[in-house]
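Novice: Got a structure for you, written out below as structure tokens; questions coming shortly.
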Amino acid sequence: MRHFGHIAPEVRRRLFHQEPCEFTADSSARLLAVALGATLYSPATRPKLADDIVKQSGRGVVSMVLCLEDSIDDAEVVDAEENLVRQIRALAERAPYAADPPLLFIRVRAPGQIPDLVRRLGPASALLSGFVLPKFTEERGIPFLEALATAEAASGSRLFAMPVLESPELLYRETRVETLEGIFRAVDKFRDRVLALRLGVTDFCSSYGLRRGPDMTAYDVQVVASVIADVVNMLGRADGTGFTVTGPVWEYFRVQERMFKPQLRRSPFLEGQADELREALIEHAMDGLLREIALDQANGLLGKTCIHPSHVLPVHALSVVSHEEFSDAQDILRPDRNGGGVLRSAYTNKMNEVKPHRAWAERTVLRAEAFGVANEDIGFVELLAAGIPT
């Protein structure tokens, strides 16, 4: 699979200075953590889940979470498990595929579900990339991680964990640092199995009876923004001790906003195309979502939890490395610059200080590998327009 792999090769060549790389579920954890992109959540109760997975893969989704936790009613768990096992087995029977299915994760409620589901899936468990672990703290998380290790040994397949940081102990100021220290101990002990840490901002808001509107980002809710800052501070460091932390869910969809309407109508990718495509693009141009994605990246988060397919392409389009960013990163990482120093950007608009900017450059080059580098004249609008399914 690859990002933007659902669009024609000749279109990719027009868009990209460096195309996104191909990867599989067996690729390195370092690459997969960045390549997760927009992780689409789906309730495990969906009766045509296998068809949904195939459909979303064809639309550019590269990671999905099949949810047995908050997205379904407590009374539905048994039926949801049965449906999930049945659907994944059906998906396994479709091989060989026209394209690889997305990276698939199951969000469970209890540690015992992990080895039980792997056992019930049998050979079809090879389609799983791992499990999402809810309300993660050191005390609650260790049993999940131990269960994951047991299931991995039994299945013979590599299984990753994605803990969700959403507990009240993490939110409350008086217990936050202690909780973060405990989380670090837990994930550090199982570092090889932890692919990324996910933020449960909806649960954070719930603790205070809050819900942000479609014109506000998570960073506008100060009590939530402070948690994100502390999570990145203690768990997202670039010194080799940190983990990939993904962006919070955006709850709204089909919001008709016009922020990019003039630019979309000027895009060369729209010339001669139907009004329906133009309206689809405008519908995707959600001001709040786009601002939140930009703020996620500015605050050290990669990828995003998504609950609607319309959110996927904006996340991926904004994850593509610009030609200017790539040029700066390459200059900073030149072998003859290991001693440091200051360089004028090739775009002659900024200073590149080699030592302080090295960690940023390394992360940028890795993101470029996963999402590609846009050509000089290509921006978000063109990437969005080209990626909309017709």
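Letters A, B, ... mark the chains of the structure tokens in the order given; residue numbers begin at 1 per chain; ligand numbers begin at 1, in order shown.
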Residues near A:Leu40, anyone? I mean within 7 Å using only C-alpha atoms, not counting same-chain ones fewer than 6 positions away, as a PyMOL selection string.

Specialist: chain A and resi 63-65+305-309

Novice: DSSP says strand (DSSP E or B) for which residues of stretch 181-348 of chain A? Put them as a ChimeraX atom specification?

Specialist: /A:194,197-199,245-250,304-306,321,342-344

Novice: Quick check, in Å to one decimal: how far apart do atom CA of A:Ser129 and atom CA of A:Leu148 lie?

Specialist: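 Pair atom CA of A:Ser129 / atom CA of A:Leu148 returns 11.3 Å.
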
Novice: List the spatial neighbours of A:Ile183 as a PyMOL selection string - criterion: any atom at most 9 Å away, only C-alpha atoms, same-chain residues fewer than 6 positions off excluded.

Specialist: chain A and resi 136-139+141+165+235

Novice: Using only C-alpha atoms, find the one residue out of A:Leu103, A:Ala29, A:Leu210, A:Val223 that sits nearest to A:Ile53.

Specialist: A:Leu103

Novice: Tell me which of A:Val232, A:Leu127, A:Ile293, A:Ile388 sits closest to A:Ile88, counting only C-alpha atoms.

Specialist: A:Leu127

Novice: Identify which of the residues A:Pro143, A:Pro356, A:Gly379, A:Gly236 lies closest to A:Ala110, counting only C-alpha atoms when measuring atom-to-atom distances.

Specialist: A:Pro143

Novice: Set the distance at 9 Å and use only C-alpha atoms: which residues neighbour stretch 74-77 of chain A once local chain neighbours fewer than 6 positions away are removed? I'd like the list as a ChimeraX atom specification.

Specialist: /A:44-45,68

Novice: How about saving the chosen residues, N, CA, C and O atoms kept, as a CSV table (one decimal), in the first residue's frame?

Specialist:
```csv
chain,number,residue,atom,x,y,z
A,44,ALA,N,-17.6,-2.3,15.3
A,44,ALA,CA,-17.4,-3.7,14.9
A,44,ALA,C,-18.8,-4.4,14.6
A,44,ALA,O,-18.8,-5.5,14.2
A,45,THR,N,-19.9,-3.6,14.8
A,45,THR,CA,-21.2,-4.2,14.6
A,45,THR,C,-21.7,-4.1,13.1
A,45,THR,O,-22.7,-4.6,12.8
A,68,LEU,N,-14.7,-2.3,19.4
A,68,LEU,CA,-15.6,-3.0,20.4
A,68,LEU,C,-15.8,-2.3,21.7
A,68,LEU,O,-16.4,-2.8,22.6
```

Novice: Could you tell me which of A:Val365, A:Leu145, A:Ile7, A:Val315 comes closest to A:Leu333 if we count only C-alpha atoms?

Specialist: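 Of A:Val365, A:Leu145, A:Ile7, A:Val315, the one nearest A:Leu333, counting only C-alpha atoms, is A:Val365.
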
Novice: I want to know what sits within 9 Å of A:Leu318, based on only C-alpha atoms, with residues of the same chain fewer than 2 positions away left out; could you give that as a PDB file with all heavy atoms, in the first residue's frame?

Specialist:
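Result saved to selection07.pdb:
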```pdb
ATOM      1  N   LEU A 290      -9.314  21.528   9.337  1.00  0.00           N
ATOM      2  CA  LEU A 290      -8.020  21.889   8.748  1.00  0.00           C
ATOM      3  C   LEU A 290      -7.150  22.636   9.746  1.00  0.00           C
ATOM      4  O   LEU A 290      -5.936  22.403   9.828  1.00  0.00           O
ATOM      5  CB  LEU A 290      -8.234  22.731   7.491  1.00  0.00           C
ATOM      6  CG  LEU A 290      -9.040  22.072   6.366  1.00  0.00           C
ATOM      7  CD1 LEU A 290      -9.119  22.993   5.159  1.00  0.00           C
ATOM      8  CD2 LEU A 290      -8.473  20.726   5.984  1.00  0.00           C
ATOM      9  N   ILE A 293      -5.784  20.060  12.250  1.00  0.00           N
ATOM     10  CA  ILE A 293      -4.693  19.253  11.696  1.00  0.00           C
ATOM     11  C   ILE A 293      -3.394  20.048  11.707  1.00  0.00           C
ATOM     12  O   ILE A 293      -2.329  19.539  12.087  1.00  0.00           O
ATOM     13  CB  ILE A 293      -5.024  18.782  10.264  1.00  0.00           C
ATOM     14  CG1 ILE A 293      -6.244  17.867  10.250  1.00  0.00           C
ATOM     15  CG2 ILE A 293      -3.824  18.053   9.647  1.00  0.00           C
ATOM     16  CD1 ILE A 293      -6.802  17.622   8.854  1.00  0.00           C
ATOM     17  N   ALA A 294      -3.466  21.308  11.292  1.00  0.00           N
ATOM     18  CA  ALA A 294      -2.269  22.151  11.288  1.00  0.00           C
ATOM     19  C   ALA A 294      -1.721  22.332  12.700  1.00  0.00           C
ATOM     20  O   ALA A 294      -0.505  22.292  12.920  1.00  0.00           O
ATOM     21  CB  ALA A 294      -2.588  23.507  10.659  1.00  0.00           C
ATOM     22  N   LEU A 313      -8.831  12.245   3.571  1.00  0.00           N
ATOM     23  CA  LEU A 313      -8.023  12.926   2.570  1.00  0.00           C
ATOM     24  C   LEU A 313      -7.445  14.252   3.066  1.00  0.00           C
ATOM     25  O   LEU A 313      -6.271  14.541   2.809  1.00  0.00           O
ATOM     26  CB  LEU A 313      -8.824  13.124   1.287  1.00  0.00           C
ATOM     27  CG  LEU A 313      -8.056  13.731   0.116  1.00  0.00           C
ATOM     28  CD1 LEU A 313      -6.799  12.945  -0.210  1.00  0.00           C
ATOM     29  CD2 LEU A 313      -8.949  13.833  -1.115  1.00  0.00           C
ATOM     30  N   PRO A 314      -8.203  15.103   3.782  1.00  0.00           N
ATOM     31  CA  PRO A 314      -7.572  16.318   4.307  1.00  0.00           C
ATOM     32  C   PRO A 314      -6.375  16.032   5.222  1.00  0.00           C
ATOM     33  O   PRO A 314      -5.368  16.736   5.161  1.00  0.00           O
ATOM     34  CB  PRO A 314      -8.717  16.998   5.082  1.00  0.00           C
ATOM     35  CG  PRO A 314      -9.947  16.539   4.405  1.00  0.00           C
ATOM     36  CD  PRO A 314      -9.674  15.118   4.000  1.00  0.00           C
ATOM     37  N   VAL A 315      -6.483  14.991   6.066  1.00  0.00           N
ATOM     38  CA  VAL A 315      -5.349  14.639   6.926  1.00  0.00           C
ATOM     39  C   VAL A 315      -4.141  14.254   6.081  1.00  0.00           C
ATOM     40  O   VAL A 315      -3.018  14.698   6.315  1.00  0.00           O
ATOM     41  CB  VAL A 315      -5.725  13.491   7.883  1.00  0.00           C
ATOM     42  CG1 VAL A 315      -4.496  13.011   8.654  1.00  0.00           C
ATOM     43  CG2 VAL A 315      -6.806  13.935   8.862  1.00  0.00           C
ATOM     44  N   HIS A 316      -4.369  13.435   5.060  1.00  0.00           N
ATOM     45  CA  HIS A 316      -3.257  12.976   4.234  1.00  0.00           C
ATOM     46  C   HIS A 316      -2.690  14.107   3.379  1.00  0.00           C
ATOM     47  O   HIS A 316      -1.470  14.210   3.208  1.00  0.00           O
ATOM     48  CB  HIS A 316      -3.710  11.817   3.355  1.00  0.00           C
ATOM     49  CG  HIS A 316      -4.008  10.572   4.123  1.00  0.00           C
ATOM     50  ND1 HIS A 316      -4.618   9.464   3.576  1.00  0.00           N
ATOM     51  CD2 HIS A 316      -3.768  10.255   5.432  1.00  0.00           C
ATOM     52  CE1 HIS A 316      -4.741   8.524   4.500  1.00  0.00           C
ATOM     53  NE2 HIS A 316      -4.241   8.984   5.626  1.00  0.00           N
ATOM     54  N   VAL A 320       1.506  15.688   3.516  1.00  0.00           N
ATOM     55  CA  VAL A 320       2.528  15.709   2.475  1.00  0.00           C
ATOM     56  C   VAL A 320       3.542  16.808   2.788  1.00  0.00           C
ATOM     57  O   VAL A 320       3.179  17.917   3.185  1.00  0.00           O
ATOM     58  CB  VAL A 320       1.879  15.936   1.093  1.00  0.00           C
ATOM     59  CG1 VAL A 320       2.943  16.119   0.014  1.00  0.00           C
ATOM     60  CG2 VAL A 320       0.966  14.764   0.741  1.00  0.00           C
ATOM     61  N   VAL A 321       4.803  16.505   2.615  1.00  0.00           N
ATOM     62  CA  VAL A 321       5.871  17.476   2.883  1.00  0.00           C
ATOM     63  C   VAL A 321       5.978  18.432   1.699  1.00  0.00           C
ATOM     64  O   VAL A 321       6.019  17.997   0.538  1.00  0.00           O
ATOM     65  CB  VAL A 321       7.209  16.750   3.112  1.00  0.00           C
ATOM     66  CG1 VAL A 321       8.364  17.742   3.247  1.00  0.00           C
ATOM     67  CG2 VAL A 321       7.117  15.874   4.360  1.00  0.00           C
ATOM     68  N   GLY A 379       0.171  22.542  -3.885  1.00  0.00           N
ATOM     69  CA  GLY A 379      -0.176  22.787  -2.496  1.00  0.00           C
ATOM     70  C   GLY A 379      -1.317  21.900  -2.045  1.00  0.00           C
ATOM     71  O   GLY A 379      -1.744  20.976  -2.753  1.00  0.00           O
ATOM     72  N   PHE A 380      -1.864  22.207  -0.874  1.00  0.00           N
ATOM     73  CA  PHE A 380      -2.930  21.411  -0.284  1.00  0.00           C
ATOM     74  C   PHE A 380      -4.133  21.280  -1.205  1.00  0.00           C
ATOM     75  O   PHE A 380      -4.707  20.200  -1.361  1.00  0.00           O
ATOM     76  CB  PHE A 380      -3.350  22.034   1.058  1.00  0.00           C
ATOM     77  CG  PHE A 380      -4.671  21.534   1.567  1.00  0.00           C
ATOM     78  CD1 PHE A 380      -4.775  20.276   2.141  1.00  0.00           C
ATOM     79  CD2 PHE A 380      -5.814  22.312   1.476  1.00  0.00           C
ATOM     80  CE1 PHE A 380      -5.987  19.806   2.606  1.00  0.00           C
ATOM     81  CE2 PHE A 380      -7.030  21.857   1.937  1.00  0.00           C
ATOM     82  CZ  PHE A 380      -7.116  20.594   2.510  1.00  0.00           C
ATOM     83  N   LEU A 383      -3.580  18.755  -3.976  1.00  0.00           N
ATOM     84  CA  LEU A 383      -3.543  17.392  -3.425  1.00  0.00           C
ATOM     85  C   LEU A 383      -4.938  16.926  -3.066  1.00  0.00           C
ATOM     86  O   LEU A 383      -5.318  15.772  -3.306  1.00  0.00           O
ATOM     87  CB  LEU A 383      -2.631  17.350  -2.208  1.00  0.00           C
ATOM     88  CG  LEU A 383      -1.130  17.531  -2.494  1.00  0.00           C
ATOM     89  CD1 LEU A 383      -0.385  17.883  -1.203  1.00  0.00           C
ATOM     90  CD2 LEU A 383      -0.545  16.262  -3.105  1.00  0.00           C
ATOM     91  N   LEU A 384      -5.723  17.810  -2.467  1.00  0.00           N
ATOM     92  CA  LEU A 384      -7.089  17.468  -2.100  1.00  0.00           C
ATOM     93  C   LEU A 384      -7.938  17.197  -3.324  1.00  0.00           C
ATOM     94  O   LEU A 384      -8.658  16.202  -3.409  1.00  0.00           O
ATOM     95  CB  LEU A 384      -7.701  18.612  -1.277  1.00  0.00           C
ATOM     96  CG  LEU A 384      -9.092  18.389  -0.715  1.00  0.00           C
ATOM     97  CD1 LEU A 384      -9.076  17.313   0.360  1.00  0.00           C
ATOM     98  CD2 LEU A 384      -9.660  19.677  -0.146  1.00  0.00           C
TER      99      LEU A 384
END
```

Novice: Find the residues near A:Pro123: any atom within 12 Å, counting only C-alpha atoms, skip ones fewer than 4 places away on the same chain, and give them as a list in words.

Specialist: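 Near A:Pro123, the qualifying residues are Val85, Ile88, Arg89, Ala90, Leu91, Ala92, Glu93, Leu117, Val118, Arg119, Leu127, Leu128, Ala154, Ser155, Gly156 and Ser157 of chain A.
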
Novice: What would the file look like if the residues just selected were written as a PDB file, in the first residue's frame with N, CA, C and O atoms?

Specialist:
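Output (out_39.pdb):
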```pdb
ATOM      1  N   VAL A  85     -15.262 -11.388  14.109  1.00  0.00           N
ATOM      2  CA  VAL A  85     -14.556 -12.609  13.727  1.00  0.00           C
ATOM      3  C   VAL A  85     -15.035 -13.088  12.359  1.00  0.00           C
ATOM      4  O   VAL A  85     -14.232 -13.452  11.479  1.00  0.00           O
ATOM      5  N   ILE A  88     -13.717 -10.608   9.515  1.00  0.00           N
ATOM      6  CA  ILE A  88     -12.277 -10.697   9.231  1.00  0.00           C
ATOM      7  C   ILE A  88     -11.953 -12.016   8.544  1.00  0.00           C
ATOM      8  O   ILE A  88     -11.116 -12.082   7.638  1.00  0.00           O
ATOM      9  N   ARG A  89     -12.626 -13.091   8.963  1.00  0.00           N
ATOM     10  CA  ARG A  89     -12.435 -14.366   8.252  1.00  0.00           C
ATOM     11  C   ARG A  89     -12.867 -14.255   6.796  1.00  0.00           C
ATOM     12  O   ARG A  89     -12.200 -14.769   5.895  1.00  0.00           O
ATOM     13  N   ALA A  90     -13.992 -13.568   6.570  1.00  0.00           N
ATOM     14  CA  ALA A  90     -14.462 -13.381   5.191  1.00  0.00           C
ATOM     15  C   ALA A  90     -13.465 -12.556   4.393  1.00  0.00           C
ATOM     16  O   ALA A  90     -13.212 -12.839   3.205  1.00  0.00           O
ATOM     17  N   LEU A  91     -12.877 -11.560   5.032  1.00  0.00           N
ATOM     18  CA  LEU A  91     -11.873 -10.740   4.355  1.00  0.00           C
ATOM     19  C   LEU A  91     -10.650 -11.582   3.998  1.00  0.00           C
ATOM     20  O   LEU A  91     -10.087 -11.457   2.903  1.00  0.00           O
ATOM     21  N   ALA A  92     -10.234 -12.456   4.905  1.00  0.00           N
ATOM     22  CA  ALA A  92      -9.079 -13.321   4.653  1.00  0.00           C
ATOM     23  C   ALA A  92      -9.332 -14.252   3.473  1.00  0.00           C
ATOM     24  O   ALA A  92      -8.407 -14.586   2.716  1.00  0.00           O
ATOM     25  N   GLU A  93     -10.571 -14.666   3.301  1.00  0.00           N
ATOM     26  CA  GLU A  93     -10.903 -15.589   2.220  1.00  0.00           C
ATOM     27  C   GLU A  93     -10.891 -14.920   0.854  1.00  0.00           C
ATOM     28  O   GLU A  93     -10.909 -15.595  -0.170  1.00  0.00           O
ATOM     29  N   LEU A 117      -9.814 -13.266  20.904  1.00  0.00           N
ATOM     30  CA  LEU A 117     -10.128 -12.933  19.518  1.00  0.00           C
ATOM     31  C   LEU A 117      -9.093 -13.517  18.565  1.00  0.00           C
ATOM     32  O   LEU A 117      -9.442 -14.005  17.478  1.00  0.00           O
ATOM     33  N   VAL A 118      -7.831 -13.479  18.948  1.00  0.00           N
ATOM     34  CA  VAL A 118      -6.791 -14.055  18.094  1.00  0.00           C
ATOM     35  C   VAL A 118      -7.017 -15.553  17.927  1.00  0.00           C
ATOM     36  O   VAL A 118      -6.896 -16.111  16.822  1.00  0.00           O
ATOM     37  N   ARG A 119      -7.404 -16.215  19.018  1.00  0.00           N
ATOM     38  CA  ARG A 119      -7.686 -17.656  18.949  1.00  0.00           C
ATOM     39  C   ARG A 119      -8.877 -17.924  18.036  1.00  0.00           C
ATOM     40  O   ARG A 119      -8.837 -18.830  17.187  1.00  0.00           O
ATOM     41  N   LEU A 127      -4.244 -10.992   9.403  1.00  0.00           N
ATOM     42  CA  LEU A 127      -4.647  -9.696   8.852  1.00  0.00           C
ATOM     43  C   LEU A 127      -4.545  -8.568   9.872  1.00  0.00           C
ATOM     44  O   LEU A 127      -4.603  -7.395   9.505  1.00  0.00           O
ATOM     45  N   LEU A 128      -4.409  -8.900  11.143  1.00  0.00           N
ATOM     46  CA  LEU A 128      -4.372  -7.882  12.189  1.00  0.00           C
ATOM     47  C   LEU A 128      -2.969  -7.307  12.342  1.00  0.00           C
ATOM     48  O   LEU A 128      -1.981  -8.040  12.348  1.00  0.00           O
ATOM     49  N   ALA A 154       1.244 -16.777  20.533  1.00  0.00           N
ATOM     50  CA  ALA A 154       0.358 -17.864  20.096  1.00  0.00           C
ATOM     51  C   ALA A 154       0.093 -17.814  18.594  1.00  0.00           C
ATOM     52  O   ALA A 154      -0.021 -18.860  17.941  1.00  0.00           O
ATOM     53  N   SER A 155      -0.007 -16.612  18.045  1.00  0.00           N
ATOM     54  CA  SER A 155      -0.357 -16.481  16.626  1.00  0.00           C
ATOM     55  C   SER A 155       0.848 -16.578  15.706  1.00  0.00           C
ATOM     56  O   SER A 155       0.714 -16.931  14.536  1.00  0.00           O
ATOM     57  N   GLY A 156       2.025 -16.227  16.229  1.00  0.00           N
ATOM     58  CA  GLY A 156       3.211 -16.198  15.394  1.00  0.00           C
ATOM     59  C   GLY A 156       3.297 -14.982  14.505  1.00  0.00           C
ATOM     60  O   GLY A 156       4.194 -14.873  13.666  1.00  0.00           O
ATOM     61  N   SER A 157       2.373 -14.034  14.675  1.00  0.00           N
ATOM     62  CA  SER A 157       2.362 -12.809  13.877  1.00  0.00           C
ATOM     63  C   SER A 157       2.694 -11.612  14.755  1.00  0.00           C
ATOM     64  O   SER A 157       2.349 -11.576  15.935  1.00  0.00           O
TER      65      SER A 157
END
```

Novice: List the spatial neighbours of A:Val108 as a ChimeraX atom specification - criterion: any atom at most 7 Å away, only C-alpha atoms, same-chain residues fewer than 4 positions off excluded.

Specialist: /A:67-69,113,132-133

Novice: Using only C-alpha atoms, which of the listed residues (A:Ser27, A:Gln297, A:Thr39, A:Ser207) sits closest to A:Gln56?

Specialist: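 Residue with the minimum atom-to-atom distance to A:Gln56: A:Thr39.
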
Novice: A:Arg109, A:Arg94, A:Arg185, A:Arg193: which is nearest A:Gly130, counting only C-alpha atoms?

Specialist: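 Distance minimum relative to A:Gly130 lands on A:Arg193.
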
Novice: Quote the spacing between atom CA of A:Val231 and atom CA of A:Val354 in Å to one decimal place.

Specialist: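 Spanning atom CA of A:Val231 to atom CA of A:Val354 is a straight-line distance of 26.7 Å.
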